[in-house]
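Enquirer: The structure that follows is given in the form of structure tokens.
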Protein chains: 2
Amino acid sequence: MDDDPDTAPTSASEPRARLIDVARASGVSKGVVSRLLNGDETIRLRPQTRARVLEAAERLGYRPHAGARALSTARAGALAVLVPDLANQAYAAIIRGVYGAVREHGYTLLVAEDRDGGHEAPDYVELVRSGRVDGLLIASARPGHPLVERLTADPGLLPHVFVNREVSGSDRNVGLDNEAASALVVEHLRGHGHRRIAMVSGPPRLSPAADRLHGFQRAMRRGGAGPGWYASDDFSEAGGYRAATRLLTAHPEVTALYTSSLRQAVGALRAAREAGRRVPQDLSVVTYDELPLAAFLDPPLTTVRVPVDALGAAAVEALLAQIAGEPPRSRRISAGQELVERSSVAPPADG
Amino acid sequence: MDDDPDTAPTSASEPRARLIDVARASGVSKGVVSRLLNGDETIRLRPQTRARVLEAAERLGYRPHAGARALSTARAGALAVLVPDLANQAYAAIIRGVYGAVREHGYTLLVAEDRDGGHEAPDYVELVRSGRVDGLLIASARPGHPLVERLTADPGLLPHVFVNREVSGSDRNVGLDNEAASALVVEHLRGHGHRRIAMVSGPPRLSPAADRLHGFQRAMRRGGAGPGWYASDDFSEAGGYRAATRLLTAHPEVTALYTSSLRQAVGALRAAREAGRRVPQDLSVVTYDELPLAAFLDPPLTTVRVPVDALGAAAVEALLAQIAGEPPRSRRISAGQELVERSSVAPPADG
DNA sequence: CTGAAAGCGCTAACAA
DNA sequence: TTGTTAGCGCTTTCAG
């Protein structure tokens, strides 16, 4: 993969080496070079020929032209990932997970921000139809999203998977076990003696939010303490602030708060301050999203870490399988969730 | 640009329409369609022919194949932007700025994370040499970076600009006026009566960090209060924490802190807490990076906003000019900096 | 085992 | 004003 910058022709004036240049330099035909370089198993060269070709390719710094290849194979060799918000670290984590997997498969990744109120949204379908990418990893699904609606109406339109956010009715969802993550939190809190737990939930129509809430309620009921309270709002700081404020005023007896995103946690922390409640002495807080910031908040937050890399890998594999013509199927990653304990959880004041 | 999803052929089975399909459907030749669709001025069709072609293209949902076009024009129609850290909101802002400009020029943008300790770094040169993109917007430059060194040794290797982080000796830097931003902060603080101001600076070898520090010192001297104190560390939460701690213990007389990034500010806030200093009563804080999080910290932080969109636009323009064959030249955006006042600044306790 | 040649979809130079 | 045609660089089938 790597080439040596010292031997490769790097000067601007020097035109890029083409397949035919390598062929000529090594005294064989284009076909041979192509097949060899692409790892064609059926090709049987005598060792010295093979070495000669390889050496020439190396020496000339040969790189296949992506466009030419795309033209003749009808494959772009690239995938695109759509995230709703680039400024959100949680999506950066998803992108990284996806990126690693994409590279491992020798593909290029195109990252696009598919914002909610996005001005005139770019046409992602076009990305595929123009042959720039072979398929879409969609992490920005939401009800009413034009692309999602088009895709649910006609799933065969283009290869795609929905990452993290599931689309009901689709057989191309790749997600995490959000319910289990919530259960982990509830168990942790109960283990510390909390019974009156409230949850700051996300937008109810977004599947991860709904699943986290559902998991929370199930775990609470399982613990025999009723479903607990909750308030839904945006995944943002402002959303967390509002929801936590509502919760804390309506149910002052709450001793622990579980927020659905780190950004919400930041807002909830502010709400707690304004309500005059110290964390963790007067209120314990646990949040979804294990990110560096969590360790630097006041106090450092206990979080649930979820296997984002595995998510990315699974999503890419599902998409590639689809591109290869296999029938689509949804997947859920459930292993690898864990609690990261810091200092935002303490036993409730009244035991 | 937009096509109507209802009339365009969306079914998977339907093969994509090619240029020749449009030509046949409208009874003209490929050349005509190509020239018309590409806005060739010299072409003079009779109105009804033109309408017929346009209608056919629309009806068939024609999208030029990016690879084929790249092959015949020797242009990919795409650019790549390299950022050091996707999880950093500051770079998300840069990406957005760049993205807008790229779209306006009808190009596609490829976002890549070019991490410092990045495992085996992908070969970004390859991105260009393989014809996948036409040039690189590099926001991840740092001393010792292999790509940067290669590019300074041989700038003609590929079209590129260094965004935000300048590379000394290069004539392809597009940056902000970091010194002016710092001056703004110092003036604001002095206006509130502060004289003993310290700065939490970034890695000294990164140009924005050095420039911000330099601007700080100049502004301080200009105010006749000596250069002020400073401590350098990473742009991260941990870096801000360490530097602020050092500053606060070595110079307890400091009444105001200026941090070089929002992440540093988060760490500095923690350091202040641990030093028993309330913000802003005992210590005022102002930071670089105007981002949503700033409003939700405790207390909400006063920040400097810098014109990131203009940065992106200028960078893209510079790169496109270079691709078009114009001689490269560096640019600096200086207008549009402003202070966003929140509640982390108060007059010093001792006047 | 290796070479030749067709063709992927598009642009642009040249004819008509 | 519009049509024809020769590539762009690569893969792949089919001969040799």
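How things are named: the first chain in the structure tokens is A, the next is B, and so on; residues count from 1 in each chain; ligands count from 1 in the order shown.
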Sorted by chain and rising residue number, which residues of chain D lie within 10 Å of chain A, and what are their closest atom pairs and distances in Å to one decimal, counting only C-alpha atoms (C1' of nucleotides), as a Markdown table?

Expert:
| residue | atom | partner | partner_atom | distance |
| --- | --- | --- | --- | --- |
| D:DC8 | C1' | A:Ala68 | CA | 8.0 |
| D:DG9 | C1' | A:Ala68 | CA | 5.1 |
| D:DC10 | C1' | A:Arg69 | CA | 5.1 |
| D:DT11 | C1' | A:Ser72 | CA | 5.8 |
| D:DT12 | C1' | A:Gly31 | CA | 8.2 |

Enquirer: Any chance you could tabulate, as CSV, the residues of chain C at most 10 Å from chain B with each one's nearest atom pair and distance in Å to one decimal, using only C-alpha atoms (C1' of nucleotides), in chain and rising number order?

Expert:
residue,atom,partner,partner_atom,distance
C:DC8,C1',B:Ala68,CA,8.0
C:DG9,C1',B:Ala68,CA,5.1
C:DC10,C1',B:Arg69,CA,5.0
C:DT11,C1',B:Ser72,CA,5.7
C:DA12,C1',B:Gly31,CA,8.5

Enquirer: Could you give me, as a tab-separated table, every chain A residue with an atom at most 7 Å from chain B, plus its closest atom pair and distance in Å to one decimal, counting only C-alpha atoms, rows ordered by chain then number?

Expert:
residue	atom	partner	partner_atom	distance
A:Thr10	CA	B:Leu157	CA	5.8
A:Ser11	CA	B:Leu157	CA	5.4
A:Ala12	CA	B:Leu157	CA	4.6
A:Arg63	CA	B:Ser130	CA	5.6
A:Pro64	CA	B:Ser130	CA	5.8
A:His65	CA	B:Ser130	CA	4.6
A:Ala66	CA	B:Ser130	CA	5.5
A:Gly67	CA	B:Gly67	CA	3.8
A:Ala68	CA	B:Leu71	CA	6.0
A:Ala70	CA	B:Gly67	CA	5.9
A:Leu71	CA	B:Gly67	CA	5.8
A:Leu86	CA	B:Ala92	CA	5.5
A:Ala87	CA	B:Gln89	CA	4.7
A:Gln89	CA	B:Ala87	CA	4.7
A:Ala92	CA	B:Ala87	CA	5.1
A:Leu110	CA	B:Leu110	CA	5.1
A:Val111	CA	B:Val111	CA	5.4
A:Arg129	CA	B:Arg63	CA	6.6
A:Ser130	CA	B:His65	CA	4.6
A:Gly131	CA	B:His65	CA	5.6
A:Arg132	CA	B:Ala66	CA	5.9
A:Asp154	CA	B:Ser11	CA	6.8
A:Gly156	CA	B:Ala12	CA	4.8
A:Leu157	CA	B:Ala12	CA	4.5
A:Leu158	CA	B:Ala12	CA	6.7
A:Glu237	CA	B:Phe296	CA	6.8
A:Val266	CA	B:Phe296	CA	6.8
A:Gly267	CA	B:Phe296	CA	6.4
A:Phe296	CA	B:Gly267	CA	6.4

Enquirer: With N, CA and C atoms kept, could you save the residues just selected as a short mmCIF file (atom, residue, chain, number, x, y, z; two decimals), in the first residue's frame?

Expert:
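Printed below is part-v9.cif as written:
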data_model
loop_
_atom_site.label_atom_id
_atom_site.label_comp_id
_atom_site.auth_asym_id
_atom_site.auth_seq_id
_atom_site.Cartn_x
_atom_site.Cartn_y
_atom_site.Cartn_z
N THR A 10 7.57 12.26 -7.74
CA THR A 10 6.72 13.17 -6.99
C THR A 10 6.59 14.54 -7.63
N SER A 11 7.43 14.81 -8.57
CA SER A 11 7.42 16.16 -9.13
C SER A 11 6.14 16.42 -9.90
N ALA A 12 5.72 17.65 -9.86
CA ALA A 12 4.47 18.02 -10.48
C ALA A 12 4.50 17.81 -11.99
N ARG A 63 -0.54 4.38 -9.59
CA ARG A 63 -1.81 4.38 -8.85
C ARG A 63 -2.93 4.28 -9.86
N PRO A 64 -3.74 3.28 -9.75
CA PRO A 64 -4.86 3.18 -10.69
C PRO A 64 -5.74 4.41 -10.61
N HIS A 65 -6.23 4.84 -11.71
CA HIS A 65 -7.13 5.98 -11.76
C HIS A 65 -8.52 5.54 -11.32
N ALA A 66 -9.00 6.16 -10.24
CA ALA A 66 -10.28 5.73 -9.65
C ALA A 66 -11.43 5.84 -10.65
N GLY A 67 -11.42 6.90 -11.43
CA GLY A 67 -12.50 7.10 -12.37
C GLY A 67 -12.51 6.04 -13.46
N ALA A 68 -11.38 5.76 -13.96
CA ALA A 68 -11.28 4.77 -15.02
C ALA A 68 -11.74 3.41 -14.50
N ALA A 70 -13.70 2.90 -11.98
CA ALA A 70 -15.14 2.96 -11.71
C ALA A 70 -15.91 2.76 -13.00
N LEU A 71 -15.36 3.32 -14.05
CA LEU A 71 -16.03 3.23 -15.34
C LEU A 71 -16.10 1.79 -15.83
N LEU A 86 -22.11 17.31 12.49
CA LEU A 86 -20.67 17.09 12.58
C LEU A 86 -20.09 17.59 13.89
N ALA A 87 -20.76 18.57 14.47
CA ALA A 87 -20.22 19.17 15.69
C ALA A 87 -20.52 18.32 16.91
N GLN A 89 -19.86 15.19 19.03
CA GLN A 89 -18.80 14.20 19.20
C GLN A 89 -19.30 12.78 19.07
N ALA A 92 -18.95 11.88 15.63
CA ALA A 92 -17.54 11.73 15.27
C ALA A 92 -17.10 10.31 15.61
N LEU A 110 -16.66 8.86 2.18
CA LEU A 110 -17.06 10.24 2.01
C LEU A 110 -17.98 10.60 3.18
N VAL A 111 -17.61 11.60 3.92
CA VAL A 111 -18.42 12.00 5.08
C VAL A 111 -19.29 13.18 4.70
N ARG A 129 -26.03 7.76 -7.77
CA ARG A 129 -26.39 7.65 -9.18
C ARG A 129 -25.32 8.22 -10.09
N SER A 130 -24.55 9.13 -9.57
CA SER A 130 -23.48 9.66 -10.41
C SER A 130 -22.24 8.77 -10.31
N GLY A 131 -22.39 7.69 -9.57
CA GLY A 131 -21.28 6.75 -9.50
C GLY A 131 -20.13 7.21 -8.63
N ARG A 132 -20.40 8.16 -7.76
CA ARG A 132 -19.32 8.63 -6.91
C ARG A 132 -19.12 7.70 -5.71
N ASP A 154 -39.00 2.70 -1.73
CA ASP A 154 -38.31 1.94 -2.76
C ASP A 154 -36.91 1.58 -2.29
N GLY A 156 -34.94 -0.61 -3.01
CA GLY A 156 -33.98 -1.07 -4.01
C GLY A 156 -33.33 0.08 -4.76
N LEU A 157 -33.76 1.28 -4.45
CA LEU A 157 -33.24 2.44 -5.15
C LEU A 157 -31.72 2.50 -5.12
N LEU A 158 -31.18 2.21 -3.97
CA LEU A 158 -29.73 2.17 -3.85
C LEU A 158 -29.32 1.42 -2.59
N GLU A 237 -27.71 20.54 24.71
CA GLU A 237 -27.52 21.11 26.04
C GLU A 237 -28.83 21.77 26.50
N VAL A 266 -24.80 18.01 30.15
CA VAL A 266 -24.26 19.34 30.42
C VAL A 266 -25.39 20.29 30.81
N GLY A 267 -26.48 20.21 30.08
CA GLY A 267 -27.63 21.04 30.39
C GLY A 267 -28.25 20.66 31.73
N PHE A 296 -14.20 15.88 32.40
CA PHE A 296 -13.81 17.23 32.79
C PHE A 296 -14.96 18.10 33.25
#

Enquirer: Enumerate, as a PyMOL selection string, the complete set of residues in range 106-262 of chain B that a backbone-based DSSP assignment places in helix (DSSP H, G or I).

Expert: chain B and resi 124-129+146-153+155-157+178-191+207-222+237-250+262

Enquirer: Suppose you want the space between CA of Leu37 in chain A and CA of Leu54 in chain A; what is it in Å?

Expert: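 Rounded to one decimal, the two atoms are 7.8 Å apart.
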
Enquirer: Which residues are close to DT4 in chain D, i.e. within 9 Å by only C-alpha atoms (C1' of nucleotides), leaving aside same-chain residues fewer than 6 positions away? Reply as a VMD selection string.

Expert: (chain B and resid 29) or (chain C and resid 14 to 15)

Enquirer: Those same residues, written as an mmCIF file, in the first residue's frame with N, CA and C atoms (P, O5', C5', C4', C3', O3' and C1' of nucleotides)?

Expert:
data_model
loop_
_atom_site.group_PDB
_atom_site.id
_atom_site.type_symbol
_atom_site.label_atom_id
_atom_site.label_comp_id
_atom_site.auth_asym_id
_atom_site.auth_seq_id
_atom_site.Cartn_x
_atom_site.Cartn_y
_atom_site.Cartn_z
ATOM 1 N N SER B 29 -27.548 14.472 -30.942
ATOM 2 C CA SER B 29 -26.373 13.643 -30.672
ATOM 3 C C SER B 29 -25.818 13.902 -29.268
ATOM 4 P P DC C 14 -8.832 20.250 -33.750
ATOM 5 O "O5'" DC C 14 -9.778 19.626 -34.852
ATOM 6 C "C5'" DC C 14 -9.862 18.200 -34.967
ATOM 7 C "C4'" DC C 14 -11.074 17.845 -35.782
ATOM 8 C "C3'" DC C 14 -11.237 18.667 -37.074
ATOM 9 O "O3'" DC C 14 -11.318 17.769 -38.159
ATOM 10 C "C1'" DC C 14 -13.281 18.506 -35.912
ATOM 11 P P DA C 15 -10.939 18.332 -39.606
ATOM 12 O "O5'" DA C 15 -12.214 17.777 -40.376
ATOM 13 C "C5'" DA C 15 -13.450 17.959 -39.734
ATOM 14 C "C4'" DA C 15 -14.422 16.913 -40.171
ATOM 15 C "C3'" DA C 15 -15.013 17.195 -41.553
ATOM 16 O "O3'" DA C 15 -15.577 16.022 -42.085
ATOM 17 C "C1'" DA C 15 -16.538 17.834 -39.818
#

Enquirer: Expressed in Å to a single decimal, how great is the separation between CA of Val185 in chain A and CA of Ala198 in chain A?

Expert: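 Taking CA of Val185 in chain A as the start and CA of Ala198 in chain A as the end point, the length is 11.5 Å.
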
Enquirer: Find the distance between CA of Leu248 in chain B and CA of Val304 in chain B and write it in Å to one decimal.

Expert: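 So the answer is 22.4 Å.
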